[in-house]
$ cat work07.json   # JSON, C-alpha atoms
[["chain", "number", "residue", "atom", "x", "y", "z"],
["A", 21, "MET", "CA", 85.53, 112.27, 71.40],
["A", 22, "PHE", "CA", 86.99, 111.17, 74.72],
["A", 23, "PHE", "CA", 88.62, 107.77, 75.28],
["A", 24, "ASN", "CA", 87.92, 106.70, 78.86],
["A", 25, "CYS", "CA", 89.35, 103.99, 81.06],
["A", 26, "PHE", "CA", 89.03, 103.47, 84.76],
["A", 27, "GLY", "CA", 89.94, 100.90, 87.38],
["A", 28, "GLU", "CA", 90.87, 100.26, 90.97],
["A", 29, "THR", "CA", 94.63, 100.34, 90.31],
["A", 30, "ALA", "CA", 97.17, 101.80, 87.92],
["A", 31, "ASN", "CA", 97.74, 98.29, 86.56],
["A", 32, "GLU", "CA", 94.13, 98.06, 85.44],
["A", 33, "ILE", "CA", 94.08, 101.37, 83.60],
["A", 34, "TRP", "CA", 97.47, 100.81, 81.94],
["A", 35, "GLU", "CA", 96.40, 97.44, 80.54],
["A", 36, "GLN", "CA", 93.22, 99.03, 79.13],
["A", 37, "ALA", "CA", 95.24, 101.87, 77.63],
["A", 38, "TYR", "CA", 97.80, 99.47, 76.15],
["A", 39, "LYS", "CA", 95.15, 97.45, 74.32],
["A", 40, "SER", "CA", 93.49, 100.60, 72.97],
["A", 41, "VAL", "CA", 96.61, 102.50, 71.91],
["A", 42, "THR", "CA", 98.21, 99.53, 70.15],
["A", 43, "GLY", "CA", 94.97, 99.14, 68.19],
["A", 44, "ALA", "CA", 94.82, 102.81, 67.19],
["A", 45, "CYS", "CA", 95.53, 104.30, 63.76],
["A", 46, "SER", "CA", 99.07, 105.23, 62.80],
["A", 47, "ILE", "CA", 100.24, 108.78, 62.09],
["A", 48, "GLU", "CA", 103.57, 110.35, 61.12],
["A", 49, "THR", "CA", 105.13, 112.60, 63.79],
["A", 50, "ARG", "CA", 108.40, 114.42, 64.40],
["A", 51, "GLY", "CA", 109.70, 111.40, 66.32],
["A", 52, "GLY", "CA", 108.55, 108.77, 63.81],
["A", 53, "ARG", "CA", 105.40, 106.81, 63.07],
["A", 54, "THR", "CA", 103.11, 106.71, 66.07],
["A", 55, "LYS", "CA", 99.88, 105.13, 67.19],
["A", 56, "GLU", "CA", 97.83, 107.71, 69.03],
["A", 57, "ILE", "CA", 94.60, 108.22, 70.93],
["A", 58, "LEU", "CA", 93.48, 111.79, 71.43],
["A", 59, "HIS", "CA", 91.71, 113.09, 74.55],
["A", 60, "ALA", "CA", 92.40, 110.06, 76.75],
["A", 61, "THR", "CA", 91.07, 110.10, 80.31],
["A", 62, "MET", "CA", 92.10, 107.63, 83.00],
["A", 63, "SER", "CA", 90.80, 107.30, 86.54],
["A", 64, "ILE", "CA", 92.33, 105.28, 89.40],
["A", 65, "ASN", "CA", 90.04, 104.63, 92.33],
["A", 66, "ASN", "CA", 92.87, 103.63, 94.69],
["A", 67, "PRO", "CA", 95.96, 105.70, 93.80],
["A", 68, "VAL", "CA", 98.06, 104.08, 96.54],
["A", 69, "GLN", "CA", 98.21, 101.13, 94.10],
["A", 70, "LYS", "CA", 100.25, 103.24, 91.71],
["A", 71, "TRP", "CA", 102.73, 100.66, 90.42],
["A", 72, "ILE", "CA", 102.35, 99.23, 86.94],
["A", 73, "THR", "CA", 103.68, 95.69, 87.25],
["A", 74, "CYS", "CA", 101.90, 94.20, 84.22],
["A", 75, "LYS", "CA", 104.03, 96.05, 81.66],
["A", 76, "TYR", "CA", 106.79, 94.19, 79.86],
["A", 77, "PRO", "CA", 109.58, 95.24, 79.64],
["A", 78, "PRO", "CA", 109.11, 96.24, 83.28],
["A", 79, "ILE", "CA", 109.61, 99.80, 84.44],
["A", 80, "SER", "CA", 112.81, 100.68, 86.26],
["A", 81, "ILE", "CA", 111.78, 100.82, 89.92],
["A", 82, "GLY", "CA", 115.17, 102.29, 90.82],
["A", 83, "TYR", "CA", 114.78, 105.18, 88.40],
["A", 84, "ALA", "CA", 111.11, 105.71, 89.24],
["A", 85, "LEU", "CA", 111.87, 106.20, 92.94],
["A", 86, "ALA", "CA", 115.01, 108.25, 92.32],
["A", 87, "GLU", "CA", 113.04, 110.54, 89.99],
["A", 88, "LEU", "CA", 110.28, 110.88, 92.60],
["A", 89, "ILE", "CA", 112.78, 112.08, 95.21],
["A", 90, "TRP", "CA", 114.45, 114.34, 92.62],
["A", 91, "ILE", "CA", 111.06, 115.96, 91.97],
["A", 92, "LEU", "CA", 110.09, 116.21, 95.65],
["A", 93, "SER", "CA", 113.42, 117.92, 96.40],
["A", 94, "GLY", "CA", 112.75, 120.57, 93.75],
["A", 95, "SER", "CA", 115.97, 119.73, 91.91],
["A", 96, "ASP", "CA", 116.72, 120.27, 88.24],
["A", 97, "ASP", "CA", 120.28, 118.87, 88.41],
["A", 98, "ALA", "CA", 120.87, 116.62, 85.41],
["A", 99, "ARG", "CA", 123.96, 114.81, 86.62],
["A", 100, "THR", "CA", 122.19, 113.41, 89.66],
["A", 101, "ILE", "CA", 119.11, 111.99, 87.93],
["A", 102, "ASN", "CA", 121.10, 110.82, 84.88],
["A", 103, "PHE", "CA", 122.95, 108.39, 87.15],
["A", 104, "TRP", "CA", 119.66, 106.46, 87.60],
["A", 105, "ASN", "CA", 118.68, 106.85, 83.94],
["A", 106, "PRO", "CA", 121.76, 107.17, 81.71],
["A", 107, "ILE", "CA", 119.70, 107.37, 78.52],
["A", 108, "LEU", "CA", 117.67, 110.34, 79.76],
["A", 109, "PRO", "CA", 119.75, 112.88, 77.77],
["A", 110, "LYS", "CA", 118.68, 111.07, 74.59],
["A", 111, "TYR", "CA", 115.10, 112.16, 75.26],
["A", 112, "ALA", "CA", 115.47, 115.31, 77.38],
["A", 113, "GLY", "CA", 118.68, 116.81, 75.99],
["A", 114, "ASP", "CA", 122.24, 117.23, 77.19],
["A", 115, "TYR", "CA", 121.94, 119.79, 79.99],
["A", 116, "GLU", "CA", 123.53, 120.57, 83.34],
["A", 117, "LYS", "CA", 120.07, 121.57, 84.57],
["A", 118, "TYR", "CA", 116.91, 120.23, 82.95],
["A", 119, "PRO", "CA", 114.74, 123.18, 81.90],
["A", 120, "GLY", "CA", 111.50, 121.18, 82.20],
["A", 121, "ALA", "CA", 112.17, 119.62, 85.64],
["A", 122, "TYR", "CA", 108.79, 119.26, 87.36],
["A", 123, "GLY", "CA", 109.95, 119.71, 90.95],
["A", 124, "SER", "CA", 111.91, 122.85, 90.21],
["A", 125, "ARG", "CA", 108.95, 124.34, 88.37],
["A", 126, "ILE", "CA", 106.45, 123.46, 91.12],
["A", 127, "MET", "CA", 108.60, 124.75, 93.96],
["A", 128, "TYR", "CA", 110.63, 127.62, 92.50],
["A", 129, "ARG", "CA", 109.49, 128.67, 89.02],
["A", 130, "TYR", "CA", 107.12, 131.43, 90.04],
["A", 131, "GLY", "CA", 108.99, 132.68, 93.08],
["A", 132, "PHE", "CA", 107.18, 130.58, 95.67],
["A", 133, "ASN", "CA", 106.48, 126.94, 96.56],
["A", 134, "GLN", "CA", 103.15, 126.01, 94.97],
["A", 135, "LEU", "CA", 102.69, 122.92, 97.19],
["A", 136, "GLU", "CA", 103.01, 125.09, 100.29],
["A", 137, "ARG", "CA", 100.37, 127.47, 98.94],
["A", 138, "VAL", "CA", 98.08, 124.55, 98.06],
["A", 139, "TYR", "CA", 98.39, 123.16, 101.59],
["A", 140, "HIS", "CA", 97.57, 126.45, 103.28],
["A", 141, "THR", "CA", 94.69, 127.18, 100.88],
["A", 142, "LEU", "CA", 93.02, 123.81, 101.35],
["A", 143, "LYS", "CA", 93.64, 123.86, 105.09],
["A", 144, "SER", "CA", 91.86, 127.19, 105.34],
["A", 145, "CYS", "CA", 89.29, 126.69, 102.58],
["A", 146, "PRO", "CA", 88.79, 123.00, 101.74],
["A", 147, "GLU", "CA", 85.83, 123.78, 99.46],
["A", 148, "SER", "CA", 88.04, 125.88, 97.14],
["A", 149, "ARG", "CA", 87.80, 125.38, 93.38],
["A", 150, "GLN", "CA", 90.78, 127.63, 92.65],
["A", 151, "VAL", "CA", 93.70, 125.33, 93.49],
["A", 152, "VAL", "CA", 95.87, 124.80, 90.41],
["A", 153, "VAL", "CA", 99.54, 123.74, 90.40],
["A", 154, "LEU", "CA", 101.05, 125.10, 87.21],
["A", 155, "ILE", "CA", 103.97, 123.45, 85.40],
["A", 156, "TRP", "CA", 103.62, 124.74, 81.84],
["A", 157, "ASP", "CA", 105.12, 128.19, 81.16],
["A", 158, "PRO", "CA", 104.04, 129.57, 77.77],
["A", 159, "LYS", "CA", 106.90, 132.05, 77.72],
["A", 160, "THR", "CA", 109.46, 129.25, 77.41],
["A", 161, "ASP", "CA", 107.40, 126.21, 76.41],
["A", 162, "LEU", "CA", 105.39, 127.30, 73.40],
["A", 163, "PRO", "CA", 107.21, 126.49, 70.13],
["A", 164, "GLN", "CA", 108.80, 129.17, 68.02],
["A", 165, "ASN", "CA", 106.73, 130.62, 65.18],
["A", 166, "SER", "CA", 108.36, 128.10, 62.85],
["A", 167, "GLY", "CA", 107.12, 125.25, 65.05],
["A", 168, "VAL", "CA", 110.63, 124.40, 66.29],
["A", 169, "PRO", "CA", 110.75, 123.58, 70.04],
["A", 170, "ASN", "CA", 112.63, 126.04, 72.24],
["A", 171, "ASN", "CA", 114.65, 123.23, 73.83],
["A", 172, "ASP", "CA", 114.79, 119.45, 74.17],
["A", 173, "ASP", "CA", 113.05, 119.29, 77.55],
["A", 174, "ILE", "CA", 109.57, 120.71, 77.12],
["A", 175, "PRO", "CA", 107.33, 119.46, 79.96],
["A", 176, "CYS", "CA", 104.53, 117.08, 79.04],
["A", 177, "ASN", "CA", 102.63, 117.89, 82.24],
["A", 178, "ILE", "CA", 100.60, 121.09, 82.11],
["A", 179, "CYS", "CA", 98.97, 121.41, 85.52],
["A", 180, "SER", "CA", 97.34, 119.71, 88.48],
["A", 181, "LEU", "CA", 93.78, 120.53, 89.57],
["A", 182, "ILE", "CA", 93.30, 119.66, 93.24],
["A", 183, "LYS", "CA", 90.11, 119.61, 95.32],
["A", 184, "VAL", "CA", 88.89, 118.33, 98.66],
["A", 185, "ARG", "CA", 85.50, 116.62, 98.52],
["A", 186, "ASP", "CA", 83.93, 114.32, 101.15],
["A", 187, "HIS", "CA", 87.11, 114.67, 103.21],
["A", 188, "LYS", "CA", 89.20, 113.17, 100.40],
["A", 189, "LEU", "CA", 91.87, 114.74, 98.19],
["A", 190, "GLU", "CA", 90.82, 114.52, 94.54],
["A", 191, "TRP", "CA", 93.50, 114.97, 91.87],
["A", 192, "MET", "CA", 93.24, 115.81, 88.17],
["A", 193, "GLN", "CA", 96.46, 115.79, 86.12],
["A", 194, "ILE", "CA", 96.44, 117.44, 82.69],
["A", 195, "MET", "CA", 99.02, 116.43, 80.08],
["A", 196, "ARG", "CA", 99.54, 117.66, 76.56],
["A", 197, "SER", "CA", 101.29, 114.44, 75.53],
["A", 198, "ASN", "CA", 101.98, 111.04, 77.08],
["A", 199, "ASP", "CA", 104.14, 108.17, 75.86],
["A", 200, "LEU", "CA", 102.49, 104.92, 76.96],
["A", 201, "VAL", "CA", 105.88, 103.23, 77.45],
["A", 202, "LEU", "CA", 108.34, 105.89, 78.58],
["A", 203, "GLY", "CA", 106.05, 108.41, 80.25],
["A", 204, "LEU", "CA", 102.74, 107.21, 81.64],
["A", 205, "PRO", "CA", 104.00, 104.60, 84.16],
["A", 206, "TYR", "CA", 106.37, 107.13, 85.73],
["A", 207, "ASN", "CA", 103.93, 110.07, 85.62],
["A", 208, "LEU", "CA", 101.38, 108.04, 87.56],
["A", 209, "VAL", "CA", 103.95, 107.33, 90.27],
["A", 210, "GLN", "CA", 105.00, 110.98, 90.49],
["A", 211, "PHE", "CA", 101.63, 112.61, 90.92],
["A", 212, "THR", "CA", 99.81, 109.94, 92.91],
["A", 213, "SER", "CA", 102.73, 110.14, 95.34],
["A", 214, "ILE", "CA", 102.38, 113.90, 95.70],
["A", 215, "GLN", "CA", 98.63, 113.34, 96.14],
["A", 216, "GLU", "CA", 99.31, 110.90, 99.00],
["A", 217, "ILE", "CA", 101.76, 113.25, 100.67],
["A", 218, "LEU", "CA", 99.51, 116.31, 100.44],
["A", 219, "ALA", "CA", 96.50, 114.34, 101.73],
["A", 220, "SER", "CA", 98.54, 113.29, 104.76],
["A", 221, "TRP", "CA", 99.53, 116.90, 105.46],
["A", 222, "LEU", "CA", 95.84, 117.82, 105.42],
["A", 223, "ASN", "CA", 94.95, 114.76, 107.54],
["A", 224, "ILE", "CA", 92.39, 113.54, 105.03],
["A", 225, "GLU", "CA", 92.05, 110.42, 102.87],
["A", 226, "VAL", "CA", 93.31, 109.99, 99.33],
["A", 227, "GLY", "CA", 90.51, 110.30, 96.78],
["A", 228, "THR", "CA", 90.58, 109.32, 93.12],
["A", 229, "TYR", "CA", 93.44, 110.13, 90.78],
["A", 230, "ASN", "CA", 92.33, 111.32, 87.35],
["A", 231, "HIS", "CA", 94.66, 111.75, 84.39],
["A", 232, "VAL", "CA", 93.97, 113.45, 81.07],
["A", 233, "SER", "CA", 96.37, 113.04, 78.16],
["A", 234, "ASP", "CA", 95.54, 114.96, 75.02],
["A", 235, "SER", "CA", 97.81, 112.60, 73.09],
["A", 236, "LEU", "CA", 98.32, 109.11, 74.49],
["A", 237, "HIS", "CA", 100.67, 107.35, 72.12],
["A", 238, "ILE", "CA", 103.30, 104.73, 71.38],
["A", 239, "TYR", "CA", 106.05, 104.91, 68.78],
["A", 240, "GLU", "CA", 105.67, 102.01, 66.39],
["A", 241, "LYS", "CA", 109.36, 101.15, 66.67],
["A", 242, "ASN", "CA", 108.74, 100.38, 70.38],
["A", 243, "GLU", "CA", 105.53, 98.39, 69.91],
["A", 244, "PRO", "CA", 107.09, 95.00, 69.01],
["A", 245, "LEU", "CA", 109.03, 95.08, 72.30],
["A", 246, "LEU", "CA", 105.99, 95.79, 74.44],
["A", 247, "GLY", "CA", 103.63, 93.33, 76.10],
["A", 248, "ILE", "CA", 101.66, 92.30, 79.17],
["A", 249, "GLN", "CA", 103.03, 90.04, 81.90],
["A", 250, "GLN", "CA", 101.31, 88.45, 84.89],
["A", 251, "CYS", "CA", 102.57, 90.21, 88.01],
["A", 252, "ASP", "CA", 99.77, 91.11, 90.39],
["A", 253, "ILE", "CA", 101.13, 92.28, 93.74],
["A", 254, "SER", "CA", 99.96, 95.05, 96.04],
["A", 255, "ASN", "CA", 101.85, 98.06, 97.33],
["A", 256, "ARG", "CA", 102.11, 97.94, 101.12],
["A", 257, "ASP", "CA", 103.80, 101.29, 101.72],
["A", 258, "SER", "CA", 101.97, 104.51, 102.51],
["A", 259, "LEU", "CA", 103.76, 107.79, 101.80],
["A", 260, "LYS", "CA", 101.94, 109.53, 104.65],
["A", 261, "ILE", "CA", 104.34, 111.87, 106.38],
["A", 262, "GLU", "CA", 104.10, 114.71, 108.88],
["A", 263, "LYS", "CA", 104.48, 118.02, 107.11],
["A", 264, "LYS", "CA", 107.12, 119.12, 109.61],
["A", 265, "ASP", "CA", 109.23, 116.06, 108.72],
["A", 266, "PHE", "CA", 108.80, 116.14, 104.94],
["A", 267, "LYS", "CA", 111.64, 118.41, 103.89],
["A", 268, "GLY", "CA", 114.16, 116.78, 106.23],
["A", 269, "VAL", "CA", 113.33, 113.27, 105.04],
["A", 270, "VAL", "CA", 113.42, 114.18, 101.34],
["A", 271, "ASP", "CA", 116.61, 116.22, 101.73],
["A", 272, "LYS", "CA", 118.28, 113.31, 103.50],
["A", 273, "ILE", "CA", 117.49, 110.91, 100.67],
["A", 274, "TYR", "CA", 118.33, 113.41, 97.94],
["A", 275, "SER", "CA", 121.66, 114.39, 99.52],
["A", 276, "SER", "CA", 122.50, 110.67, 99.54],
["A", 277, "MET", "CA", 121.65, 110.54, 95.83],
["A", 278, "VAL", "CA", 123.97, 113.48, 95.19],
["A", 279, "ASP", "CA", 126.78, 111.81, 97.15],
["A", 280, "ILE", "CA", 126.33, 108.58, 95.21],
["A", 281, "SER", "CA", 126.19, 110.21, 91.78],
["A", 282, "HIS", "CA", 128.76, 113.01, 92.23],
["A", 283, "LEU", "CA", 131.40, 111.53, 94.53],
["A", 284, "GLU", "CA", 133.51, 108.40, 94.70],
["A", 285, "CYS", "CA", 131.37, 105.93, 96.62],
["A", 286, "ASP", "CA", 132.91, 102.67, 97.75],
["A", 287, "GLU", "CA", 130.93, 99.59, 98.74],
["A", 288, "ASN", "CA", 131.02, 100.19, 102.49],
["A", 289, "LYS", "CA", 129.90, 103.80, 102.10],
["A", 290, "LEU", "CA", 127.02, 102.76, 99.86],
["A", 291, "LEU", "CA", 125.91, 100.12, 102.36],
["A", 292, "GLY", "CA", 126.01, 102.73, 105.11],
["A", 293, "ILE", "CA", 123.88, 105.10, 103.06],
["A", 294, "ALA", "CA", 121.35, 102.36, 102.28],
["A", 295, "MET", "CA", 120.90, 101.41, 105.92],
["A", 296, "GLN", "CA", 120.21, 104.94, 107.15],
["A", 297, "SER", "CA", 116.88, 105.54, 108.86],
["A", 298, "THR", "CA", 114.65, 108.43, 107.86],
["A", 299, "GLY", "CA", 112.15, 107.76, 110.63],
["A", 300, "TYR", "CA", 109.59, 106.47, 108.11],
["A", 301, "GLU", "CA", 109.65, 102.87, 106.90],
["A", 302, "ALA", "CA", 108.20, 103.73, 103.48],
["A", 303, "TYR", "CA", 110.93, 106.29, 102.85],
["A", 304, "ASP", "CA", 113.60, 103.92, 104.18],
["A", 305, "ASN", "CA", 112.40, 101.48, 101.51],
["A", 306, "ILE", "CA", 112.68, 104.14, 98.82],
["A", 307, "LEU", "CA", 116.27, 104.82, 99.85],
["A", 308, "LYS", "CA", 117.08, 101.10, 99.81],
["A", 309, "VAL", "CA", 115.76, 100.64, 96.25],
["A", 310, "ILE", "CA", 117.67, 103.71, 95.07],
["A", 311, "CYS", "CA", 120.84, 102.27, 96.61],
["A", 312, "THR", "CA", 120.14, 98.82, 95.18],
["A", 313, "TYR", "CA", 120.19, 100.34, 91.69],
["A", 314, "ALA", "CA", 123.44, 102.15, 92.51],
["A", 315, "ALA", "CA", 125.05, 98.97, 93.86],
["A", 316, "ASN", "CA", 124.08, 97.12, 90.69],
["A", 317, "LYS", "CA", 125.54, 99.86, 88.51],
["A", 318, "MET", "CA", 128.78, 99.80, 90.52],
["A", 319, "HIS", "CA", 128.94, 95.97, 90.29],
["A", 320, "PHE", "CA", 128.63, 95.54, 94.07],
["A", 321, "VAL", "CA", 126.58, 92.37, 93.62],
["A", 322, "GLU", "CA", 126.63, 91.09, 97.22],
["A", 323, "SER", "CA", 125.70, 94.50, 98.58],
["A", 324, "ARG", "CA", 123.00, 94.90, 95.94],
["A", 325, "ASP", "CA", 121.32, 91.67, 97.03],
["A", 326, "LYS", "CA", 121.77, 92.46, 100.72],
["A", 327, "ILE", "CA", 120.18, 95.90, 100.41],
["A", 328, "ILE", "CA", 117.09, 94.76, 98.50],
["A", 329, "ARG", "CA", 116.54, 91.92, 101.00],
["A", 330, "GLU", "CA", 116.31, 94.58, 103.73],
["A", 331, "CYS", "CA", 113.47, 96.32, 101.88],
["A", 332, "THR", "CA", 110.16, 95.54, 103.61],
["A", 333, "ASN", "CA", 107.82, 96.31, 100.70],
["A", 334, "PRO", "CA", 107.47, 93.12, 98.60],
["A", 335, "ILE", "CA", 106.31, 94.97, 95.48],
["A", 336, "TYR", "CA", 109.65, 96.80, 95.32],
["A", 337, "GLN", "CA", 111.54, 93.52, 95.62],
["A", 338, "VAL", "CA", 109.49, 91.87, 92.87],
["A", 339, "MET", "CA", 109.73, 94.89, 90.56],
["A", 340, "TRP", "CA", 113.48, 95.11, 91.11],
["A", 341, "LEU", "CA", 114.02, 91.44, 90.26],
["A", 342, "ASN", "CA", 111.77, 91.69, 87.20],
["A", 343, "TRP", "CA", 113.71, 94.70, 85.93],
["A", 344, "LEU", "CA", 117.07, 93.02, 86.64],
["A", 345, "LYS", "CA", 116.05, 89.85, 84.77],
["A", 346, "SER", "CA", 114.96, 91.93, 81.78],
["A", 347, "LYS", "CA", 118.50, 93.35, 81.54],
["A", 348, "VAL", "CA", 120.21, 89.96, 81.33]]
$ encode --input "work07.json" --output "structure tokens"
Amino acid sequence: MFFNCFGETANEIWEQAYKSVTGACSIETRGGRTKEILHATMSINNPVQKWITCKYPPISIGYALAELIWILSGSDDARTINFWNPILPKYAGDYEKYPGAYGSRIMYRYGFNQLERVYHTLKSCPESRQVVVLIWDPKTDLPQNSGVPNNDDIPCNICSLIKVRDHKLEWMQIMRSNDLVLGLPYNLVQFTSIQEILASWLNIEVGTYNHVSDSLHIYEKNEPLLGIQQCDISNRDSLKIEKKDFKGVVDKIYSSMVDISHLECDENKLLGIAMQSTGYEAYDNILKVICTYAANKMHFVESRDKIIRECTNPIYQVMWLNWLKSKV
């Protein structure tokens, strides 16, 4: 039996999923007792409204945007992304390069860039039903015969099914497993963002985003900490970008992330990085939030507050302040 939820925004579907998963039956799993719904389907009518602001504790907007750029760059470097999420090795393992990194798999795993192929296919043949972006690799991702995982970073995302219908880009994301707290809010940001970007390359509108999780779950140890808060604010930024500019913009932001996380970065240098222009306001805002997180981590309080004030997307400002308050 399928569990279905749908709504205009990611907020709406997450709240529905939260109420259903927390009311589900409990099972014992490798990671502890878990409440789980099998075969969950979620549909967002307006994927530009991708931010889940109703969840408490709030998601880390700094990490979410840093991870998005990390994926878009095709990187698998652990040191860089761990700077924005220091507890990531606890869940994904202690690696120099994460074996399950989505961006690396999409852009390099099979010897070619799958997003490039998708673009050219749909540009030439928009009615195609054969466009699949593959993340799962059975050679490395299936468990051993004993059931033991091959490593600590097995991807939860399996594939993306992408179609153009009525001049809109429709997206279906298939997941084998999805943690309601630690995974789903970030996964929605990742793939709705790629959907937006690809639609802009094709000069068409964004259609619906559809998400299938074969196991949507929450660990019971996390449930007492989880709740719903009132925070209803719209995303004003569009990630539309000219295809010819995409790599340069993403590389500029990601190289700044590498500089921040790998090198000594004083306050003036960080401020300079944060105030760079990419040529796109939405991507400038992403860079500012990423740098705000870094300034906070480095205890540059005045610079932290200055950088986030320069961000022109109010939802990022609100989400940052909510996350910061939750850490006090």
$ residues_around --input "work07.json" --residues "Ile182 of chain A" --least-positions-apart "3" --cutoff "12 Å" --atoms "all atoms listed in the file" --output "VMD selection string"
chain A and resid 134 to 135 137 to 139 141 to 142 146 to 154 179 185 188 to 194 211 to 212 214 to 215 218 to 219 226 to 231
$ closest_residue --input "work07.json" --among "A:Trp104, A:Phe26, A:Tyr313, A:Trp34" --to "Gly203 of chain A" --atoms "all atoms listed in the file"
A:Trp34
$ residues_around --input "work07.json" --residues "Asp252 of chain A" --least-positions-apart "4" --cutoff "12 Å" --atoms "only C-alpha atoms" --output "ChimeraX atom specification"
/A:29-32,69,71-75,248,334-335,338-339
$ closest_residue --input "work07.json" --among "A:Lys308, A:Lys55, A:Arg129, A:Lys345" --to "Ile328 of chain A" --atoms "only C-alpha atoms"
A:Lys308
$ closest_residue --input "work07.json" --among "A:Leu259, A:Val232, A:Leu290, A:Met62" --to "Glu35 of chain A" --atoms "only C-alpha atoms"
A:Met62
$ residues_around --input "work07.json" --residues "Arg99 of chain A" --least-positions-apart "5" --cutoff "9 Å" --atoms "only C-alpha atoms" --output "list of chain:residue names"
A:Tyr115, A:Glu116, A:Lys117, A:Val278, A:Ser281, A:His282
